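S.K.: First the structure, then my questions, so here it is.
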Amino acid sequence: MPKETPEILRNDEAPLYMGEKITDYVTALENLGYKKEDVSKILITHKHDDHTGEIRSFPDAKVYISKTEAEEMKLDGDNIVPVEFTSGSYHNFEKSEKIVDGIYLMEATGHTTGNSIVIVEDDDKYVMIHGDVTYTDEALYANKLSVVFEDVDKARETLDNVREFISNNPTVYLSTHTSLGPENLENQAIIDLDNEPESIKPE
């Protein structure tokens, strides 16, 4: 989120709560021992502020984002790389862009018209950084679309492609709007769509 994003008050009647704001992105990065200058490449899944609000803090990093989203955001500059997905198909995804060996950006429209997914090859498994294809892992297991769509039909197609990929490949699934994202990464948890883990509801 951008630094200036205000605290979102919890409302138990609301359909979605993003959680408490702990710190801003750049400070969190520094707390992990990284400087802004250490970041050489940034991959953007889509244009929404909570995913792009701090790219301004990395003027020297190459920013890879779909051409559609770059144009809608009016991004320019030598560090902006508008991706047109010219690397051909990748598994069951029709269009991809190879960023470096083992890291690919997939065209996965629906949530936004230029939405993308990042897939990282990690030895015998894959790590999927999907942005907002589903807001929770529960939606992935339940095969339900989440919120905020610019094209519902394409969002349905993208979720079908995601589930097909996960069914055929050992995949660690990284949601961005649930604590299960970092937990899945830390535990290297492989998604099994036929065996949904029990959800832990917040107190």
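By convention here, the chains of the structure tokens are called A, B, ... in the order presented, each chain's residues are numbered starting at 1, and ligands are numbered starting at 1 in the order presented.
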Can you pull out the residues contacting region 75-77 of chain A? Cut-off 10 Å, using only C-alpha atoms, and skip same-chain residues under 3 positions away; I want them as an MDAnalysis selection string.
M.R.: chainID A and resid 59 62:63 65 67 69:72 80:82
S.K.: Got time to write the residues from that selection, all heavy atoms, as an mmCIF file, in the first residue's frame?
M.R.:
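What landed in selection.cif:
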```cif
data_model
loop_
_atom_site.group_PDB
_atom_site.id
_atom_site.type_symbol
_atom_site.label_atom_id
_atom_site.label_comp_id
_atom_site.auth_asym_id
_atom_site.auth_seq_id
_atom_site.Cartn_x
_atom_site.Cartn_y
_atom_site.Cartn_z
ATOM 1 N N PRO A 59 12.978 4.136 -8.493
ATOM 2 C CA PRO A 59 13.143 4.690 -9.847
ATOM 3 C C PRO A 59 14.223 3.997 -10.667
ATOM 4 O O PRO A 59 14.238 4.128 -11.899
ATOM 5 C CB PRO A 59 13.508 6.155 -9.578
ATOM 6 C CG PRO A 59 14.136 6.141 -8.212
ATOM 7 C CD PRO A 59 13.385 5.088 -7.443
ATOM 8 N N LYS A 62 13.854 -1.943 -12.876
ATOM 9 C CA LYS A 62 13.027 -2.224 -14.039
ATOM 10 C C LYS A 62 11.667 -2.715 -13.564
ATOM 11 O O LYS A 62 11.582 -3.653 -12.769
ATOM 12 C CB LYS A 62 13.681 -3.282 -14.928
ATOM 13 C CG LYS A 62 14.956 -2.829 -15.623
ATOM 14 C CD LYS A 62 14.661 -1.808 -16.721
ATOM 15 C CE LYS A 62 15.920 -1.464 -17.505
ATOM 16 N NZ LYS A 62 15.668 -0.415 -18.522
ATOM 17 N N VAL A 63 10.610 -2.072 -14.047
ATOM 18 C CA VAL A 63 9.258 -2.419 -13.639
ATOM 19 C C VAL A 63 8.570 -3.114 -14.807
ATOM 20 O O VAL A 63 8.314 -2.501 -15.849
ATOM 21 C CB VAL A 63 8.461 -1.173 -13.215
ATOM 22 C CG1 VAL A 63 7.021 -1.555 -12.865
ATOM 23 C CG2 VAL A 63 9.131 -0.492 -12.026
ATOM 24 N N ILE A 65 5.320 -4.748 -16.305
ATOM 25 C CA ILE A 65 3.877 -4.655 -16.139
ATOM 26 C C ILE A 65 3.252 -4.788 -17.520
ATOM 27 O O ILE A 65 3.848 -4.355 -18.524
ATOM 28 C CB ILE A 65 3.483 -3.313 -15.465
ATOM 29 C CG1 ILE A 65 1.976 -3.222 -15.227
ATOM 30 C CG2 ILE A 65 4.006 -2.110 -16.245
ATOM 31 C CD1 ILE A 65 1.569 -2.031 -14.367
ATOM 32 N N LYS A 67 1.426 -4.230 -20.897
ATOM 33 C CA LYS A 67 1.294 -2.986 -21.665
ATOM 34 C C LYS A 67 -0.050 -2.332 -21.408
ATOM 35 O O LYS A 67 -0.148 -1.098 -21.298
ATOM 36 C CB LYS A 67 1.477 -3.272 -23.159
ATOM 37 C CG LYS A 67 1.434 -2.028 -24.028
ATOM 38 C CD LYS A 67 1.648 -2.359 -25.499
ATOM 39 C CE LYS A 67 1.597 -1.094 -26.346
ATOM 40 N NZ LYS A 67 1.759 -1.404 -27.794
ATOM 41 N N GLU A 69 -1.899 -2.380 -18.654
ATOM 42 C CA GLU A 69 -1.918 -1.687 -17.363
ATOM 43 C C GLU A 69 -1.000 -0.463 -17.393
ATOM 44 O O GLU A 69 -1.320 0.577 -16.816
ATOM 45 C CB GLU A 69 -1.480 -2.624 -16.238
ATOM 46 C CG GLU A 69 -2.304 -3.885 -16.113
ATOM 47 C CD GLU A 69 -3.698 -3.663 -15.559
ATOM 48 O OE1 GLU A 69 -4.554 -3.181 -16.337
ATOM 49 O OE2 GLU A 69 -3.951 -3.972 -14.388
ATOM 50 N N ALA A 70 0.153 -0.587 -18.042
ATOM 51 C CA ALA A 70 1.087 0.541 -18.127
ATOM 52 C C ALA A 70 0.435 1.732 -18.815
ATOM 53 O O ALA A 70 0.589 2.884 -18.377
ATOM 54 C CB ALA A 70 2.347 0.118 -18.873
ATOM 55 N N GLU A 71 -0.312 1.456 -19.885
ATOM 56 C CA GLU A 71 -0.975 2.537 -20.605
ATOM 57 C C GLU A 71 -2.100 3.144 -19.767
ATOM 58 O O GLU A 71 -2.260 4.372 -19.737
ATOM 59 C CB GLU A 71 -1.512 2.024 -21.942
ATOM 60 C CG GLU A 71 -0.397 1.705 -22.937
ATOM 61 C CD GLU A 71 -0.905 1.115 -24.231
ATOM 62 O OE1 GLU A 71 -2.103 0.722 -24.288
ATOM 63 O OE2 GLU A 71 -0.105 1.021 -25.195
ATOM 64 N N GLU A 72 -2.862 2.311 -19.072
ATOM 65 C CA GLU A 72 -3.959 2.831 -18.256
ATOM 66 C C GLU A 72 -3.439 3.667 -17.089
ATOM 67 O O GLU A 72 -4.061 4.642 -16.686
ATOM 68 C CB GLU A 72 -4.832 1.680 -17.747
ATOM 69 C CG GLU A 72 -5.657 1.026 -18.834
ATOM 70 C CD GLU A 72 -6.738 0.121 -18.279
ATOM 71 O OE1 GLU A 72 -7.078 0.247 -17.086
ATOM 72 O OE2 GLU A 72 -7.250 -0.712 -19.049
ATOM 73 N N ILE A 80 10.381 1.563 -17.062
ATOM 74 C CA ILE A 80 9.106 0.866 -17.262
ATOM 75 C C ILE A 80 9.223 -0.065 -18.458
ATOM 76 O O ILE A 80 9.610 0.348 -19.556
ATOM 77 C CB ILE A 80 7.949 1.862 -17.480
ATOM 78 C CG1 ILE A 80 7.842 2.840 -16.304
ATOM 79 C CG2 ILE A 80 6.636 1.114 -17.690
ATOM 80 C CD1 ILE A 80 7.581 2.174 -14.962
ATOM 81 N N VAL A 81 8.884 -1.340 -18.250
ATOM 82 C CA VAL A 81 8.942 -2.340 -19.324
ATOM 83 C C VAL A 81 7.522 -2.833 -19.600
ATOM 84 O O VAL A 81 7.000 -3.699 -18.881
ATOM 85 C CB VAL A 81 9.843 -3.532 -18.931
ATOM 86 C CG1 VAL A 81 9.940 -4.521 -20.097
ATOM 87 C CG2 VAL A 81 11.225 -3.059 -18.506
ATOM 88 N N PRO A 82 6.840 -2.282 -20.627
ATOM 89 C CA PRO A 82 5.490 -2.730 -20.957
ATOM 90 C C PRO A 82 5.545 -4.130 -21.586
ATOM 91 O O PRO A 82 6.115 -4.314 -22.647
ATOM 92 C CB PRO A 82 4.988 -1.684 -21.959
ATOM 93 C CG PRO A 82 5.980 -0.555 -21.893
ATOM 94 C CD PRO A 82 7.274 -1.177 -21.483
#
```
S.K.: I want to know what sits within 9 Å of Glu157 (chain A), based on only C-alpha atoms, with residues of the same chain fewer than 3 positions away left out; could you give that as a compact mmCIF listing (two decimals) with all heavy atoms, in the first residue's frame?
M.R.:
```txt
# COMPACT_ATOMS: atom_id res chain seq x y z
N ALA A 108 -3.26 -13.03 -17.54
CA ALA A 108 -4.34 -13.66 -16.76
C ALA A 108 -5.41 -12.62 -16.47
O ALA A 108 -5.62 -12.21 -15.33
CB ALA A 108 -3.78 -14.25 -15.47
N THR A 109 -6.08 -12.17 -17.50
CA THR A 109 -6.99 -11.04 -17.39
C THR A 109 -8.29 -11.41 -16.67
O THR A 109 -8.62 -12.57 -16.50
CB THR A 109 -7.32 -10.48 -18.78
OG1 THR A 109 -7.85 -11.53 -19.59
CG2 THR A 109 -6.08 -9.93 -19.44
N GLY A 110 -9.02 -10.37 -16.26
CA GLY A 110 -10.30 -10.56 -15.60
C GLY A 110 -10.44 -9.64 -14.40
O GLY A 110 -11.32 -8.78 -14.36
N VAL A 152 -15.76 -10.25 -16.04
CA VAL A 152 -16.12 -11.45 -15.27
C VAL A 152 -15.86 -12.72 -16.07
O VAL A 152 -15.38 -13.72 -15.52
CB VAL A 152 -17.59 -11.38 -14.80
CG1 VAL A 152 -18.00 -12.69 -14.14
CG2 VAL A 152 -17.77 -10.23 -13.82
N ASP A 153 -16.16 -12.71 -17.36
CA ASP A 153 -15.95 -13.90 -18.18
C ASP A 153 -14.46 -14.26 -18.23
O ASP A 153 -14.09 -15.44 -18.11
CB ASP A 153 -16.48 -13.69 -19.59
CG ASP A 153 -18.00 -13.62 -19.64
OD1 ASP A 153 -18.65 -14.12 -18.69
OD2 ASP A 153 -18.55 -13.03 -20.60
N LYS A 154 -13.61 -13.26 -18.40
CA LYS A 154 -12.17 -13.51 -18.43
C LYS A 154 -11.67 -13.94 -17.05
O LYS A 154 -10.75 -14.76 -16.94
CB LYS A 154 -11.43 -12.26 -18.91
CG LYS A 154 -11.54 -12.00 -20.39
CD LYS A 154 -10.83 -13.10 -21.20
CE LYS A 154 -10.81 -12.79 -22.67
NZ LYS A 154 -10.13 -13.85 -23.47
N ASP A 160 -10.14 -20.77 -13.95
CA ASP A 160 -10.09 -22.14 -14.49
C ASP A 160 -8.66 -22.53 -14.86
O ASP A 160 -8.22 -23.66 -14.58
CB ASP A 160 -10.99 -22.26 -15.72
CG ASP A 160 -12.48 -22.19 -15.38
OD1 ASP A 160 -12.83 -22.35 -14.19
OD2 ASP A 160 -13.28 -21.95 -16.30
N ASN A 161 -7.94 -21.61 -15.49
CA ASN A 161 -6.55 -21.89 -15.88
C ASN A 161 -5.67 -22.08 -14.65
O ASN A 161 -4.78 -22.95 -14.64
CB ASN A 161 -6.00 -20.75 -16.74
CG ASN A 161 -6.56 -20.75 -18.15
OD1 ASN A 161 -7.01 -21.78 -18.64
ND2 ASN A 161 -6.53 -19.61 -18.80
N VAL A 162 -5.88 -21.27 -13.63
CA VAL A 162 -5.11 -21.38 -12.39
C VAL A 162 -5.35 -22.74 -11.75
O VAL A 162 -4.41 -23.44 -11.35
CB VAL A 162 -5.47 -20.24 -11.42
CG1 VAL A 162 -4.96 -20.54 -10.01
CG2 VAL A 162 -4.89 -18.92 -11.91
```
S.K.: Based on DSSP run over this structure's backbone, return all residues of region 13-203 of chain A in alpha helix (DSSP H), as a PyMOL selection string.
M.R.: chain A and resi 25-31+49-52+67-72+137-142+152-168+180-187
S.K.: With only C-alpha atoms as the atoms that count, which of A:Asp194, A:Asp122, A:Asp24, A:Asp137 lies nearest to Pro182 (chain A)?
M.R.: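 Once distances to Pro182 (chain A) are computed over only C-alpha atoms, the minimum belongs to A:Asp137.
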S.K.: As an exercise, work out the distance from CA of Gly114 (chain A) to CA of Lys47 (chain A) in Å and give it to one decimal place.
M.R.: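 Straight-line distance from CA of Gly114 (chain A) to CA of Lys47 (chain A) works out to 8.1 Å.
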S.K.: I want to know what sits within 12 Å of Asp123 (chain A), based on only C-alpha atoms, with residues of the same chain fewer than 2 positions away left out; could you give that as a list in words?
M.R.: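 After dropping sequence-adjacent residues, the list is Gly102, Val120, Glu121, Lys125, Tyr126, Val127, Pro170 and Thr171 of chain A.
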S.K.: Could the residues in this selection be saved with N, CA, C and O atoms as a PDB file, in the first residue's frame?
M.R.:
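The file below, result17.pdb, is the result:
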```
ATOM      1  N   GLY A 102      13.519 -19.114 -15.269  1.00  0.00           N
ATOM      2  CA  GLY A 102      12.727 -19.611 -14.147  1.00  0.00           C
ATOM      3  C   GLY A 102      11.677 -18.663 -13.622  1.00  0.00           C
ATOM      4  O   GLY A 102      10.947 -19.014 -12.686  1.00  0.00           O
ATOM      5  N   VAL A 120       7.132 -18.711 -10.572  1.00  0.00           N
ATOM      6  CA  VAL A 120       8.547 -18.921 -10.330  1.00  0.00           C
ATOM      7  C   VAL A 120       8.808 -20.426 -10.270  1.00  0.00           C
ATOM      8  O   VAL A 120       8.145 -21.142  -9.503  1.00  0.00           O
ATOM      9  N   GLU A 121       9.727 -20.904 -11.082  1.00  0.00           N
ATOM     10  CA  GLU A 121      10.116 -22.310 -11.042  1.00  0.00           C
ATOM     11  C   GLU A 121      11.120 -22.506  -9.917  1.00  0.00           C
ATOM     12  O   GLU A 121      12.142 -21.813  -9.854  1.00  0.00           O
ATOM     13  N   LYS A 125       9.041 -27.740  -7.964  1.00  0.00           N
ATOM     14  CA  LYS A 125       7.725 -27.144  -7.719  1.00  0.00           C
ATOM     15  C   LYS A 125       7.657 -25.748  -8.330  1.00  0.00           C
ATOM     16  O   LYS A 125       8.631 -25.240  -8.869  1.00  0.00           O
ATOM     17  N   TYR A 126       6.479 -25.158  -8.240  1.00  0.00           N
ATOM     18  CA  TYR A 126       6.240 -23.831  -8.781  1.00  0.00           C
ATOM     19  C   TYR A 126       5.661 -22.942  -7.683  1.00  0.00           C
ATOM     20  O   TYR A 126       4.885 -23.407  -6.837  1.00  0.00           O
ATOM     21  N   VAL A 127       6.031 -21.676  -7.717  1.00  0.00           N
ATOM     22  CA  VAL A 127       5.450 -20.685  -6.811  1.00  0.00           C
ATOM     23  C   VAL A 127       4.614 -19.740  -7.659  1.00  0.00           C
ATOM     24  O   VAL A 127       5.123 -19.140  -8.611  1.00  0.00           O
ATOM     25  N   PRO A 170       2.890 -29.288  -8.955  1.00  0.00           N
ATOM     26  CA  PRO A 170       3.021 -28.977  -7.523  1.00  0.00           C
ATOM     27  C   PRO A 170       3.244 -27.479  -7.341  1.00  0.00           C
ATOM     28  O   PRO A 170       4.268 -26.934  -7.787  1.00  0.00           O
ATOM     29  N   THR A 171       2.274 -26.809  -6.717  1.00  0.00           N
ATOM     30  CA  THR A 171       2.259 -25.348  -6.703  1.00  0.00           C
ATOM     31  C   THR A 171       2.084 -24.796  -5.294  1.00  0.00           C
ATOM     32  O   THR A 171       1.185 -25.212  -4.566  1.00  0.00           O
TER      33      THR A 171
END
```
S.K.: Work out how far CA of Ser87 (chain A) is from CA of Glu107 (chain A), in Å to one decimal.
M.R.: 10.9 Å
S.K.: Between A:Asn169, A:Ser57, A:Ser146, A:Asn187, which residue has the minimum interatomic distance to His111 (chain A), considering only C-alpha atoms?
M.R.: A:Ser146
S.K.: Please determine, counting only C-alpha atoms, which residue among A:Leu43, A:Val172, A:Val26, A:Ile117 has the shortest atom-to-atom distance to Gly131 (chain A).
M.R.: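 Ranked by minimum distance to Gly131 (chain A), first place goes to A:Ile117.
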S.K.: So how far away is CA of Arg156 (chain A) from CA of Glu13 (chain A), in Å?
M.R.: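 For CA of Glu13 (chain A) relative to CA of Arg156 (chain A), the distance reads 26.7 Å.
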S.K.: Would you please extract all strand (DSSP E) residues from region 89-137 of chain A, as assigned by DSSP on the backbone, and give them as JSON, numbers by chain?
M.R.: {"A": [96, 97, 98, 99, 100, 103, 104, 105, 106, 107, 116, 117, 118, 119, 120, 121, 122, 125, 126, 127, 128, 129]}
S.K.: Kindly save the residues from that selection, with N, CA, C and O atoms included, as a short mmCIF file (atom, residue, chain, number, x, y, z; two decimals), in the first residue's frame.
M.R.:
```cif
data_model
loop_
_atom_site.label_atom_id
_atom_site.label_comp_id
_atom_site.auth_asym_id
_atom_site.auth_seq_id
_atom_site.Cartn_x
_atom_site.Cartn_y
_atom_site.Cartn_z
N SER A 96 2.70 -15.78 -22.32
CA SER A 96 3.63 -15.58 -21.22
C SER A 96 4.76 -14.66 -21.66
O SER A 96 4.94 -14.40 -22.86
N GLU A 97 5.50 -14.17 -20.70
CA GLU A 97 6.71 -13.40 -20.95
C GLU A 97 7.79 -13.90 -20.00
O GLU A 97 7.62 -13.87 -18.78
N LYS A 98 8.89 -14.41 -20.55
CA LYS A 98 10.01 -14.84 -19.73
C LYS A 98 10.77 -13.61 -19.27
O LYS A 98 11.24 -12.82 -20.08
N ILE A 99 10.88 -13.44 -17.94
CA ILE A 99 11.59 -12.29 -17.39
C ILE A 99 13.08 -12.63 -17.25
O ILE A 99 13.93 -11.91 -17.76
N VAL A 100 13.38 -13.70 -16.56
CA VAL A 100 14.72 -14.29 -16.48
C VAL A 100 14.50 -15.80 -16.41
O VAL A 100 13.36 -16.27 -16.33
N ILE A 103 11.54 -17.48 -14.20
CA ILE A 103 10.52 -16.52 -13.74
C ILE A 103 9.74 -16.02 -14.95
O ILE A 103 10.33 -15.48 -15.90
N TYR A 104 8.42 -16.20 -14.89
CA TYR A 104 7.56 -15.87 -16.01
C TYR A 104 6.38 -15.01 -15.56
O TYR A 104 5.87 -15.18 -14.44
N LEU A 105 5.96 -14.12 -16.44
CA LEU A 105 4.75 -13.34 -16.24
C LEU A 105 3.71 -13.89 -17.20
O LEU A 105 3.97 -14.01 -18.40
N MET A 106 2.54 -14.26 -16.66
CA MET A 106 1.47 -14.86 -17.44
C MET A 106 0.35 -13.87 -17.68
O MET A 106 -0.03 -13.15 -16.75
N GLU A 107 -0.18 -13.79 -18.89
CA GLU A 107 -1.39 -13.00 -19.10
C GLU A 107 -2.55 -13.74 -18.42
O GLU A 107 -2.77 -14.92 -18.66
N SER A 116 -2.04 -9.91 -14.61
CA SER A 116 -1.00 -10.91 -14.86
C SER A 116 -0.80 -11.78 -13.63
O SER A 116 -1.25 -11.45 -12.53
N ILE A 117 -0.10 -12.89 -13.83
CA ILE A 117 0.30 -13.80 -12.76
C ILE A 117 1.80 -14.04 -12.90
O ILE A 117 2.31 -14.17 -14.02
N VAL A 118 2.51 -14.11 -11.79
CA VAL A 118 3.92 -14.45 -11.79
C VAL A 118 4.07 -15.92 -11.40
O VAL A 118 3.45 -16.37 -10.42
N ILE A 119 4.85 -16.67 -12.17
CA ILE A 119 5.17 -18.05 -11.80
C ILE A 119 6.69 -18.19 -11.71
O ILE A 119 7.41 -17.81 -12.63
N VAL A 120 7.13 -18.71 -10.57
CA VAL A 120 8.55 -18.92 -10.33
C VAL A 120 8.81 -20.43 -10.27
O VAL A 120 8.15 -21.14 -9.50
N GLU A 121 9.73 -20.90 -11.08
CA GLU A 121 10.12 -22.31 -11.04
C GLU A 121 11.12 -22.51 -9.92
O GLU A 121 12.14 -21.81 -9.85
N ASP A 122 10.83 -23.44 -9.02
CA ASP A 122 11.68 -23.67 -7.85
C ASP A 122 11.95 -25.16 -7.71
O ASP A 122 11.17 -25.89 -7.08
N LYS A 125 9.04 -27.74 -7.96
CA LYS A 125 7.72 -27.14 -7.72
C LYS A 125 7.66 -25.75 -8.33
O LYS A 125 8.63 -25.24 -8.87
N TYR A 126 6.48 -25.16 -8.24
CA TYR A 126 6.24 -23.83 -8.78
C TYR A 126 5.66 -22.94 -7.68
O TYR A 126 4.89 -23.41 -6.84
N VAL A 127 6.03 -21.68 -7.72
CA VAL A 127 5.45 -20.69 -6.81
C VAL A 127 4.61 -19.74 -7.66
O VAL A 127 5.12 -19.14 -8.61
N MET A 128 3.32 -19.62 -7.33
CA MET A 128 2.41 -18.78 -8.09
C MET A 128 2.06 -17.54 -7.27
O MET A 128 1.47 -17.64 -6.20
N ILE A 129 2.46 -16.39 -7.79
CA ILE A 129 2.13 -15.10 -7.18
C ILE A 129 1.03 -14.50 -8.06
O ILE A 129 1.30 -13.98 -9.14
#
```
S.K.: Excluding Glu198 (chain A) and residues on its chain fewer than 5 positions from it, collect all residues at most 12 Å away from it, counting only C-alpha atoms, and give them as a list in words.
M.R.: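 Here the answer would be Asp137, Glu138, Tyr141 and Leu180 of chain A.
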